[in-house]
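Engineer: Once you've had a glance at the structure underneath, I'll fire off some questions.
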Amino acid sequence: MELFADDPMSCPLTYPGRIPAGSGVLLDDAYVPLRAAGGPPGEWRAGEETLGALLARLECHPPAARHLVVAVGSNAAPSQLRRKFLDHGVRPVVPMTLADAPGIAPGVSAHVSRWGYVPAAPLETPGETSTLYALWLDERQLAALDLTEPNYRRKPLEHPVIIGGERLAPAFAYEGRHGLLADAAGRPLRLGPQRALIQSLLDDSPALRHLCGDTPDAFVGNVGDESVRAAVFRFFQAERRAGHRPEQSRRAAKVEPRDR
């Protein structure tokens, strides 16, 4: 699979994007596979050298000087990460390692991005562990990624993540500011293929079809209009919000999505 053929910002119905099959290093416009070597990630193999040696050769920060951020949506797609970092003048050199993340899973945020996709947000899942990508970010990368997530707040995860058998903390995730979408029975939705997700939302609601059309392609086209996007947000907040803590619900009802 060509990981850089497109990205969700340019092709919204591909969200969350093209996800790698295994751990690696986003290195400009390439993805270099990483092979665990029985020690800390700095000792993992990236081709003929260790990850630590690769980062040193590139004059980049070592893993020990980086922050761990767990991706539940398109931040796990190298093409999306690359675009975000280049848009903010930051070189995209990012180790991406598979991690076991206790207590969270990819849910669905109750808003629509300006590009037309319905993005992910972490869903609390006590007693359940998800396999997700952990991004190893230096200070500039972390600051740049924060800027690309105005509809989220970065917060520490409750439990350490497990990478290569090691429990590592602190790790962060981007918590949604607008709550999570639920099905007709009030159960929070799990993130799935974007086309199927949007179609299920449309099939469940004549009001949403009236706003956005009958198909995912029509939905994406119509929510390009900011007023339509705002109307969908209000609909989501009134009809489909679930899975909040009480203080999050009150905030979500007041905060309009930022146009990202």
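Residues in the structure tokens are named by chain (A, B, ... in the order shown) and by number from 1 within that chain; ligands are numbered from 1 in the order shown.
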Just list the residues in stretch 44-257 of chain A DSSP gives alpha helix (DSSP H) on the backbone, as number ranges by chain.

Structural biologist: A: 51-57, 78-87, 139-147, 194-204, 206-212, 216-222, 226-239, 246-254

Engineer: From stretch 27-83 of chain A, collect each residue whose DSSP state is strand (DSSP E) and return the set as a PyMOL selection string.

Structural biologist: chain A and resi 27+30-33+45-46+49-50+67-71

Engineer: Let me see the file: selected residues, all heavy atoms, as an mmCIF file, in the first residue's frame.

Structural biologist:
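The result, written out as again.cif:
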data_model
loop_
_atom_site.group_PDB
_atom_site.id
_atom_site.type_symbol
_atom_site.label_atom_id
_atom_site.label_comp_id
_atom_site.auth_asym_id
_atom_site.auth_seq_id
_atom_site.Cartn_x
_atom_site.Cartn_y
_atom_site.Cartn_z
ATOM 1 N N LEU A 27 9.919 9.549 7.819
ATOM 2 C CA LEU A 27 11.171 10.242 7.490
ATOM 3 C C LEU A 27 10.951 11.014 6.201
ATOM 4 O O LEU A 27 11.084 10.478 5.104
ATOM 5 C CB LEU A 27 12.308 9.234 7.357
ATOM 6 C CG LEU A 27 13.689 9.764 6.963
ATOM 7 C CD1 LEU A 27 14.106 10.926 7.844
ATOM 8 C CD2 LEU A 27 14.722 8.643 7.040
ATOM 9 N N ALA A 30 9.060 9.280 3.336
ATOM 10 C CA ALA A 30 9.244 7.832 3.390
ATOM 11 C C ALA A 30 8.798 7.317 4.755
ATOM 12 O O ALA A 30 8.658 8.080 5.724
ATOM 13 C CB ALA A 30 10.713 7.465 3.145
ATOM 14 N N TYR A 31 8.559 6.014 4.818
ATOM 15 C CA TYR A 31 8.233 5.357 6.082
ATOM 16 C C TYR A 31 9.179 4.173 6.204
ATOM 17 O O TYR A 31 9.104 3.211 5.444
ATOM 18 C CB TYR A 31 6.774 4.901 6.099
ATOM 19 C CG TYR A 31 6.318 4.369 7.442
ATOM 20 C CD1 TYR A 31 6.032 5.234 8.493
ATOM 21 C CD2 TYR A 31 6.171 2.997 7.655
ATOM 22 C CE1 TYR A 31 5.608 4.758 9.719
ATOM 23 C CE2 TYR A 31 5.743 2.509 8.880
ATOM 24 C CZ TYR A 31 5.459 3.389 9.914
ATOM 25 O OH TYR A 31 5.036 2.910 11.134
ATOM 26 N N VAL A 32 10.109 4.273 7.162
ATOM 27 C CA VAL A 32 11.157 3.276 7.338
ATOM 28 C C VAL A 32 10.710 2.286 8.411
ATOM 29 O O VAL A 32 10.494 2.688 9.566
ATOM 30 C CB VAL A 32 12.482 3.937 7.759
ATOM 31 C CG1 VAL A 32 13.573 2.895 7.946
ATOM 32 C CG2 VAL A 32 12.901 4.988 6.732
ATOM 33 N N PRO A 33 10.544 1.002 8.089
ATOM 34 C CA PRO A 33 10.087 0.036 9.102
ATOM 35 C C PRO A 33 11.052 -0.060 10.278
ATOM 36 O O PRO A 33 12.273 0.031 10.120
ATOM 37 C CB PRO A 33 10.032 -1.283 8.324
ATOM 38 C CG PRO A 33 9.888 -0.879 6.895
ATOM 39 C CD PRO A 33 10.672 0.393 6.751
ATOM 40 N N ARG A 45 15.779 -1.566 15.435
ATOM 41 C CA ARG A 45 16.497 -1.492 14.174
ATOM 42 C C ARG A 45 15.665 -0.793 13.104
ATOM 43 O O ARG A 45 14.496 -1.107 12.893
ATOM 44 C CB ARG A 45 16.854 -2.893 13.677
ATOM 45 C CG ARG A 45 17.633 -3.742 14.660
ATOM 46 C CD ARG A 45 18.976 -3.160 15.004
ATOM 47 N NE ARG A 45 19.857 -3.009 13.846
ATOM 48 C CZ ARG A 45 21.112 -2.594 13.930
ATOM 49 N NH1 ARG A 45 21.640 -2.282 15.112
ATOM 50 N NH2 ARG A 45 21.846 -2.483 12.837
ATOM 51 N N ALA A 46 16.292 0.177 12.472
ATOM 52 C CA ALA A 46 15.710 0.867 11.320
ATOM 53 C C ALA A 46 16.639 0.595 10.147
ATOM 54 O O ALA A 46 17.629 1.309 9.948
ATOM 55 C CB ALA A 46 15.583 2.362 11.592
ATOM 56 N N GLU A 49 20.723 0.260 10.888
ATOM 57 C CA GLU A 49 21.175 0.981 12.077
ATOM 58 C C GLU A 49 20.079 1.020 13.123
ATOM 59 O O GLU A 49 18.916 0.683 12.851
ATOM 60 C CB GLU A 49 21.608 2.407 11.702
ATOM 61 C CG GLU A 49 20.530 3.227 11.032
ATOM 62 C CD GLU A 49 21.062 4.531 10.444
ATOM 63 O OE1 GLU A 49 22.064 5.060 10.963
ATOM 64 O OE2 GLU A 49 20.468 5.024 9.477
ATOM 65 N N THR A 50 20.445 1.396 14.320
ATOM 66 C CA THR A 50 19.442 1.528 15.367
ATOM 67 C C THR A 50 18.654 2.819 15.168
ATOM 68 O O THR A 50 19.111 3.753 14.482
ATOM 69 C CB THR A 50 20.087 1.555 16.764
ATOM 70 O OG1 THR A 50 20.875 2.746 16.889
ATOM 71 C CG2 THR A 50 20.949 0.318 17.000
ATOM 72 N N HIS A 67 8.245 13.206 23.440
ATOM 73 C CA HIS A 67 6.971 13.004 24.118
ATOM 74 C C HIS A 67 6.165 11.942 23.373
ATOM 75 O O HIS A 67 6.155 11.908 22.142
ATOM 76 C CB HIS A 67 6.165 14.308 24.153
ATOM 77 C CG HIS A 67 6.887 15.447 24.801
ATOM 78 N ND1 HIS A 67 6.871 15.661 26.158
ATOM 79 C CD2 HIS A 67 7.659 16.435 24.260
ATOM 80 C CE1 HIS A 67 7.594 16.735 26.439
ATOM 81 N NE2 HIS A 67 8.080 17.224 25.304
ATOM 82 N N LEU A 68 5.458 11.113 24.126
ATOM 83 C CA LEU A 68 4.610 10.078 23.531
ATOM 84 C C LEU A 68 3.184 10.604 23.385
ATOM 85 O O LEU A 68 2.577 11.041 24.368
ATOM 86 C CB LEU A 68 4.583 8.836 24.423
ATOM 87 C CG LEU A 68 5.728 7.842 24.310
ATOM 88 C CD1 LEU A 68 5.539 6.725 25.334
ATOM 89 C CD2 LEU A 68 5.787 7.261 22.905
ATOM 90 N N VAL A 69 2.649 10.538 22.174
ATOM 91 C CA VAL A 69 1.263 10.901 21.912
ATOM 92 C C VAL A 69 0.598 9.741 21.188
ATOM 93 O O VAL A 69 1.069 9.302 20.138
ATOM 94 C CB VAL A 69 1.161 12.184 21.059
ATOM 95 C CG1 VAL A 69 -0.301 12.461 20.707
ATOM 96 C CG2 VAL A 69 1.761 13.371 21.796
ATOM 97 N N VAL A 70 -0.486 9.231 21.757
ATOM 98 C CA VAL A 70 -1.200 8.105 21.168
ATOM 99 C C VAL A 70 -2.212 8.629 20.157
ATOM 100 O O VAL A 70 -3.010 9.529 20.465
ATOM 101 C CB VAL A 70 -1.899 7.274 22.265
ATOM 102 C CG1 VAL A 70 -2.780 6.197 21.654
ATOM 103 C CG2 VAL A 70 -0.858 6.652 23.190
ATOM 104 N N ALA A 71 -2.173 8.088 18.957
ATOM 105 C CA ALA A 71 -3.060 8.524 17.874
ATOM 106 C C ALA A 71 -4.285 7.623 17.811
ATOM 107 O O ALA A 71 -4.148 6.398 17.717
ATOM 108 C CB ALA A 71 -2.310 8.481 16.544
#

Engineer: Tell me, as a ChimeraX atom specification, which residues lie within 9 Å of stretch 156-165 of chain A, counting only C-alpha atoms; anything in the same chain fewer than 3 positions away does not count.

Structural biologist: /A:36-41,69-70,97-104,134,168-174

Engineer: How would the residues just picked look written out with N, CA, C and O atoms as an mmCIF file, in the first residue's frame?

Structural biologist:
data_model
loop_
_atom_site.group_PDB
_atom_site.id
_atom_site.type_symbol
_atom_site.label_atom_id
_atom_site.label_comp_id
_atom_site.auth_asym_id
_atom_site.auth_seq_id
_atom_site.Cartn_x
_atom_site.Cartn_y
_atom_site.Cartn_z
ATOM 1 N N ALA A 36 11.667 -4.363 16.450
ATOM 2 C CA ALA A 36 11.996 -4.430 17.867
ATOM 3 C C ALA A 36 13.233 -5.292 18.070
ATOM 4 O O ALA A 36 13.408 -6.323 17.412
ATOM 5 N N ALA A 37 14.086 -4.861 19.021
ATOM 6 C CA ALA A 37 15.361 -5.557 19.226
ATOM 7 C C ALA A 37 15.560 -5.978 20.673
ATOM 8 O O ALA A 37 16.682 -6.191 21.115
ATOM 9 N N GLY A 38 14.466 -6.087 21.428
ATOM 10 C CA GLY A 38 14.574 -6.584 22.788
ATOM 11 C C GLY A 38 15.007 -5.568 23.817
ATOM 12 O O GLY A 38 15.200 -5.904 24.982
ATOM 13 N N GLY A 39 15.165 -4.326 23.427
ATOM 14 C CA GLY A 39 15.550 -3.271 24.357
ATOM 15 C C GLY A 39 14.648 -2.072 24.191
ATOM 16 O O GLY A 39 13.572 -2.160 23.570
ATOM 17 N N PRO A 40 15.031 -0.913 24.706
ATOM 18 C CA PRO A 40 14.229 0.298 24.530
ATOM 19 C C PRO A 40 14.168 0.695 23.062
ATOM 20 O O PRO A 40 15.011 0.276 22.254
ATOM 21 N N PRO A 41 13.174 1.514 22.693
ATOM 22 C CA PRO A 41 13.009 1.856 21.274
ATOM 23 C C PRO A 41 14.242 2.445 20.611
ATOM 24 O O PRO A 41 14.435 2.267 19.404
ATOM 25 N N VAL A 69 2.649 10.538 22.174
ATOM 26 C CA VAL A 69 1.263 10.901 21.912
ATOM 27 C C VAL A 69 0.598 9.741 21.188
ATOM 28 O O VAL A 69 1.069 9.302 20.138
ATOM 29 N N VAL A 70 -0.486 9.231 21.757
ATOM 30 C CA VAL A 70 -1.200 8.105 21.168
ATOM 31 C C VAL A 70 -2.212 8.629 20.157
ATOM 32 O O VAL A 70 -3.010 9.529 20.465
ATOM 33 N N THR A 97 5.436 3.903 16.863
ATOM 34 C CA THR A 97 5.507 2.527 17.335
ATOM 35 C C THR A 97 4.137 2.045 17.778
ATOM 36 O O THR A 97 3.381 2.783 18.424
ATOM 37 N N LEU A 98 3.818 0.806 17.439
ATOM 38 C CA LEU A 98 2.581 0.215 17.926
ATOM 39 C C LEU A 98 2.645 0.087 19.444
ATOM 40 O O LEU A 98 3.670 -0.289 20.013
ATOM 41 N N ALA A 99 1.531 0.420 20.089
ATOM 42 C CA ALA A 99 1.472 0.410 21.553
ATOM 43 C C ALA A 99 0.157 -0.209 21.995
ATOM 44 O O ALA A 99 -0.879 -0.040 21.342
ATOM 45 N N ASP A 100 0.196 -0.916 23.116
ATOM 46 C CA ASP A 100 -1.028 -1.348 23.775
ATOM 47 C C ASP A 100 -1.459 -0.233 24.711
ATOM 48 O O ASP A 100 -0.703 0.162 25.619
ATOM 49 N N ALA A 101 -2.663 0.296 24.480
ATOM 50 C CA ALA A 101 -3.172 1.445 25.235
ATOM 51 C C ALA A 101 -4.386 1.013 26.047
ATOM 52 O O ALA A 101 -5.486 0.878 25.492
ATOM 53 N N PRO A 102 -4.219 0.774 27.350
ATOM 54 C CA PRO A 102 -5.357 0.349 28.169
ATOM 55 C C PRO A 102 -6.367 1.473 28.362
ATOM 56 O O PRO A 102 -6.010 2.630 28.543
ATOM 57 N N GLY A 103 -7.645 1.104 28.314
ATOM 58 C CA GLY A 103 -8.695 2.031 28.720
ATOM 59 C C GLY A 103 -9.186 3.004 27.687
ATOM 60 O O GLY A 103 -10.067 3.815 27.981
ATOM 61 N N ILE A 104 -8.657 2.957 26.447
ATOM 62 C CA ILE A 104 -9.185 3.840 25.403
ATOM 63 C C ILE A 104 -9.322 3.077 24.095
ATOM 64 O O ILE A 104 -8.646 2.069 23.866
ATOM 65 N N ALA A 134 1.763 5.014 18.815
ATOM 66 C CA ALA A 134 2.319 6.064 19.668
ATOM 67 C C ALA A 134 3.341 6.845 18.855
ATOM 68 O O ALA A 134 4.244 6.262 18.245
ATOM 69 N N LEU A 168 5.295 2.503 29.599
ATOM 70 C CA LEU A 168 5.855 3.839 29.440
ATOM 71 C C LEU A 168 4.811 4.900 29.786
ATOM 72 O O LEU A 168 3.681 4.862 29.319
ATOM 73 N N ALA A 169 5.220 5.847 30.586
ATOM 74 C CA ALA A 169 4.360 6.977 30.949
ATOM 75 C C ALA A 169 5.278 8.189 31.177
ATOM 76 O O ALA A 169 6.457 8.031 31.482
ATOM 77 N N PRO A 170 4.760 9.416 31.036
ATOM 78 C CA PRO A 170 3.392 9.683 30.621
ATOM 79 C C PRO A 170 3.239 9.608 29.108
ATOM 80 O O PRO A 170 4.191 9.851 28.372
ATOM 81 N N ALA A 171 2.065 9.237 28.679
ATOM 82 C CA ALA A 171 1.689 9.335 27.274
ATOM 83 C C ALA A 171 0.431 10.191 27.201
ATOM 84 O O ALA A 171 -0.359 10.229 28.147
ATOM 85 N N PHE A 172 0.277 10.876 26.092
ATOM 86 C CA PHE A 172 -0.850 11.791 25.920
ATOM 87 C C PHE A 172 -1.774 11.300 24.815
ATOM 88 O O PHE A 172 -1.387 10.509 23.962
ATOM 89 N N ALA A 173 -2.990 11.810 24.825
ATOM 90 C CA ALA A 173 -3.919 11.653 23.701
ATOM 91 C C ALA A 173 -4.699 12.954 23.578
ATOM 92 O O ALA A 173 -4.787 13.738 24.538
ATOM 93 N N TYR A 174 -5.258 13.181 22.400
ATOM 94 C CA TYR A 174 -6.065 14.375 22.169
ATOM 95 C C TYR A 174 -7.527 14.047 22.443
ATOM 96 O O TYR A 174 -8.167 13.306 21.694
#

Engineer: If you count only C-alpha atoms, which residues fall within 12 Å of A:Leu13, apart from same-chain ones fewer than 5 positions away, as JSON, numbers by chain?

Structural biologist: {"A": [6, 7, 8, 18, 74, 113, 115, 116, 117, 118, 119, 192, 193, 194, 195, 196, 197, 198, 199, 215, 216, 217, 218, 219, 220, 221]}

Engineer: What would the file look like if the residues just selected were written as an mmCIF file, in the first residue's frame with N, CA, C and O atoms?

Structural biologist:
data_model
loop_
_atom_site.group_PDB
_atom_site.id
_atom_site.type_symbol
_atom_site.label_atom_id
_atom_site.label_comp_id
_atom_site.auth_asym_id
_atom_site.auth_seq_id
_atom_site.Cartn_x
_atom_site.Cartn_y
_atom_site.Cartn_z
ATOM 1 N N ASP A 6 -2.293 9.764 -0.784
ATOM 2 C CA ASP A 6 -3.257 10.829 -0.496
ATOM 3 C C ASP A 6 -3.278 11.025 1.013
ATOM 4 O O ASP A 6 -2.563 10.358 1.758
ATOM 5 N N ASP A 7 -4.104 11.959 1.479
ATOM 6 C CA ASP A 7 -4.294 12.159 2.911
ATOM 7 C C ASP A 7 -5.745 12.566 3.131
ATOM 8 O O ASP A 7 -6.433 12.989 2.191
ATOM 9 N N PRO A 8 -6.258 12.406 4.359
ATOM 10 C CA PRO A 8 -7.669 12.699 4.596
ATOM 11 C C PRO A 8 -8.067 14.150 4.351
ATOM 12 O O PRO A 8 -9.239 14.421 4.082
ATOM 13 N N ARG A 18 -4.278 6.223 5.309
ATOM 14 C CA ARG A 18 -3.543 4.980 5.063
ATOM 15 C C ARG A 18 -2.634 4.703 6.260
ATOM 16 O O ARG A 18 -1.665 5.412 6.487
ATOM 17 N N SER A 74 -6.461 10.169 12.454
ATOM 18 C CA SER A 74 -5.595 10.328 11.289
ATOM 19 C C SER A 74 -4.152 10.653 11.634
ATOM 20 O O SER A 74 -3.297 10.636 10.752
ATOM 21 N N SER A 113 -15.041 18.096 10.525
ATOM 22 C CA SER A 113 -13.884 18.938 10.208
ATOM 23 C C SER A 113 -14.179 19.802 8.982
ATOM 24 O O SER A 113 -15.078 19.505 8.189
ATOM 25 N N TRP A 115 -12.607 19.867 6.383
ATOM 26 C CA TRP A 115 -12.329 19.104 5.160
ATOM 27 C C TRP A 115 -13.443 18.121 4.823
ATOM 28 O O TRP A 115 -13.424 17.514 3.774
ATOM 29 N N GLY A 116 -14.391 17.940 5.753
ATOM 30 C CA GLY A 116 -15.560 17.148 5.428
ATOM 31 C C GLY A 116 -15.650 15.795 6.091
ATOM 32 O O GLY A 116 -16.665 15.105 5.940
ATOM 33 N N TYR A 117 -14.639 15.382 6.825
ATOM 34 C CA TYR A 117 -14.742 14.082 7.498
ATOM 35 C C TYR A 117 -15.229 14.271 8.937
ATOM 36 O O TYR A 117 -15.109 15.332 9.536
ATOM 37 N N VAL A 118 -15.808 13.199 9.481
ATOM 38 C CA VAL A 118 -16.217 13.148 10.879
ATOM 39 C C VAL A 118 -15.073 12.465 11.629
ATOM 40 O O VAL A 118 -14.851 11.269 11.456
ATOM 41 N N PRO A 119 -14.315 13.212 12.441
ATOM 42 C CA PRO A 119 -13.056 12.681 12.960
ATOM 43 C C PRO A 119 -13.226 11.804 14.196
ATOM 44 O O PRO A 119 -14.301 11.737 14.805
ATOM 45 N N GLY A 192 -14.982 3.629 12.375
ATOM 46 C CA GLY A 192 -14.895 2.663 11.294
ATOM 47 C C GLY A 192 -14.604 3.392 10.002
ATOM 48 O O GLY A 192 -14.287 4.590 10.009
ATOM 49 N N PRO A 193 -14.693 2.701 8.875
ATOM 50 C CA PRO A 193 -14.473 3.365 7.588
ATOM 51 C C PRO A 193 -15.385 4.576 7.432
ATOM 52 O O PRO A 193 -16.576 4.520 7.726
ATOM 53 N N GLN A 194 -14.827 5.678 6.963
ATOM 54 C CA GLN A 194 -15.547 6.937 6.934
ATOM 55 C C GLN A 194 -16.807 6.884 6.067
ATOM 56 O O GLN A 194 -17.863 7.388 6.455
ATOM 57 N N ARG A 195 -16.715 6.266 4.917
ATOM 58 C CA ARG A 195 -17.876 6.223 4.029
ATOM 59 C C ARG A 195 -19.042 5.505 4.710
ATOM 60 O O ARG A 195 -20.193 5.972 4.682
ATOM 61 N N ALA A 196 -18.751 4.371 5.357
ATOM 62 C CA ALA A 196 -19.798 3.618 6.043
ATOM 63 C C ALA A 196 -20.325 4.389 7.249
ATOM 64 O O ALA A 196 -21.538 4.364 7.540
ATOM 65 N N LEU A 197 -19.451 5.080 7.964
ATOM 66 C CA LEU A 197 -19.878 5.865 9.119
ATOM 67 C C LEU A 197 -20.846 6.961 8.702
ATOM 68 O O LEU A 197 -21.931 7.115 9.288
ATOM 69 N N ILE A 198 -20.478 7.742 7.701
ATOM 70 C CA ILE A 198 -21.356 8.834 7.263
ATOM 71 C C ILE A 198 -22.674 8.289 6.733
ATOM 72 O O ILE A 198 -23.747 8.831 7.021
ATOM 73 N N GLN A 199 -22.613 7.206 5.969
ATOM 74 C CA GLN A 199 -23.858 6.641 5.435
ATOM 75 C C GLN A 199 -24.779 6.190 6.562
ATOM 76 O O GLN A 199 -25.998 6.396 6.498
ATOM 77 N N THR A 215 -25.993 10.774 0.439
ATOM 78 C CA THR A 215 -24.812 9.929 0.265
ATOM 79 C C THR A 215 -23.591 10.558 0.942
ATOM 80 O O THR A 215 -23.556 11.780 1.174
ATOM 81 N N PRO A 216 -22.578 9.765 1.251
ATOM 82 C CA PRO A 216 -21.346 10.340 1.812
ATOM 83 C C PRO A 216 -20.710 11.394 0.915
ATOM 84 O O PRO A 216 -20.203 12.410 1.407
ATOM 85 N N ASP A 217 -20.725 11.183 -0.396
ATOM 86 C CA ASP A 217 -20.150 12.182 -1.298
ATOM 87 C C ASP A 217 -20.914 13.497 -1.217
ATOM 88 O O ASP A 217 -20.314 14.580 -1.208
ATOM 89 N N ALA A 218 -22.258 13.414 -1.153
ATOM 90 C CA ALA A 218 -23.063 14.625 -1.013
ATOM 91 C C ALA A 218 -22.778 15.296 0.332
ATOM 92 O O ALA A 218 -22.684 16.526 0.424
ATOM 93 N N PHE A 219 -22.652 14.489 1.374
ATOM 94 C CA PHE A 219 -22.338 15.017 2.711
ATOM 95 C C PHE A 219 -21.057 15.830 2.674
ATOM 96 O O PHE A 219 -21.010 16.983 3.126
ATOM 97 N N VAL A 220 -19.988 15.251 2.131
ATOM 98 C CA VAL A 220 -18.703 15.947 2.074
ATOM 99 C C VAL A 220 -18.821 17.240 1.281
ATOM 100 O O VAL A 220 -18.285 18.290 1.665
ATOM 101 N N GLY A 221 -19.537 17.194 0.166
ATOM 102 C CA GLY A 221 -19.702 18.400 -0.629
ATOM 103 C C GLY A 221 -20.463 19.480 0.104
ATOM 104 O O GLY A 221 -20.085 20.663 0.064
#

Engineer: At what distance in Å, to one decimal, does atom CA of A:Ala110 lie from atom CA of A:Leu181?

Structural biologist: 5.1 Å

Engineer: Quick check, in Å to one decimal: how far apart do atom CA of A:Asp146 and atom CA of A:Val93 lie?

Structural biologist: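 According to the coordinates, atom CA of A:Asp146 and atom CA of A:Val93 are separated by 16.5 Å.
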
Engineer: One decimal, Å: what's the distance from atom CA of A:Glu43 over to atom CA of A:Ala64, could you say?

Structural biologist: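 Interatomic distance, atom CA of A:Glu43 to atom CA of A:Ala64: 11.3 Å.
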
Engineer: For each of A:Arg140, A:Arg153, A:Arg83, A:His88, take the minimum atom-to-atom distance to A:Ser10, counting only C-alpha atoms, then give the residue where this is smallest.

Structural biologist: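 Among A:Arg140, A:Arg153, A:Arg83, A:His88, it is A:Arg83 that comes nearest to A:Ser10.
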
Engineer: Which is closest to A:Leu180 among A:His210, A:Arg91, A:Arg229, A:His111, if we use only C-alpha atoms?

Structural biologist: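 With only C-alpha atoms as the atom set, the closest residue is A:His111.
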
Engineer: Counting only C-alpha atoms, which residue out of A:Pro122, A:Pro63, A:Gly24, A:Gly42 sits closest to A:Glu175?

Structural biologist: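 Result for the nearest residue to A:Glu175: A:Pro122.
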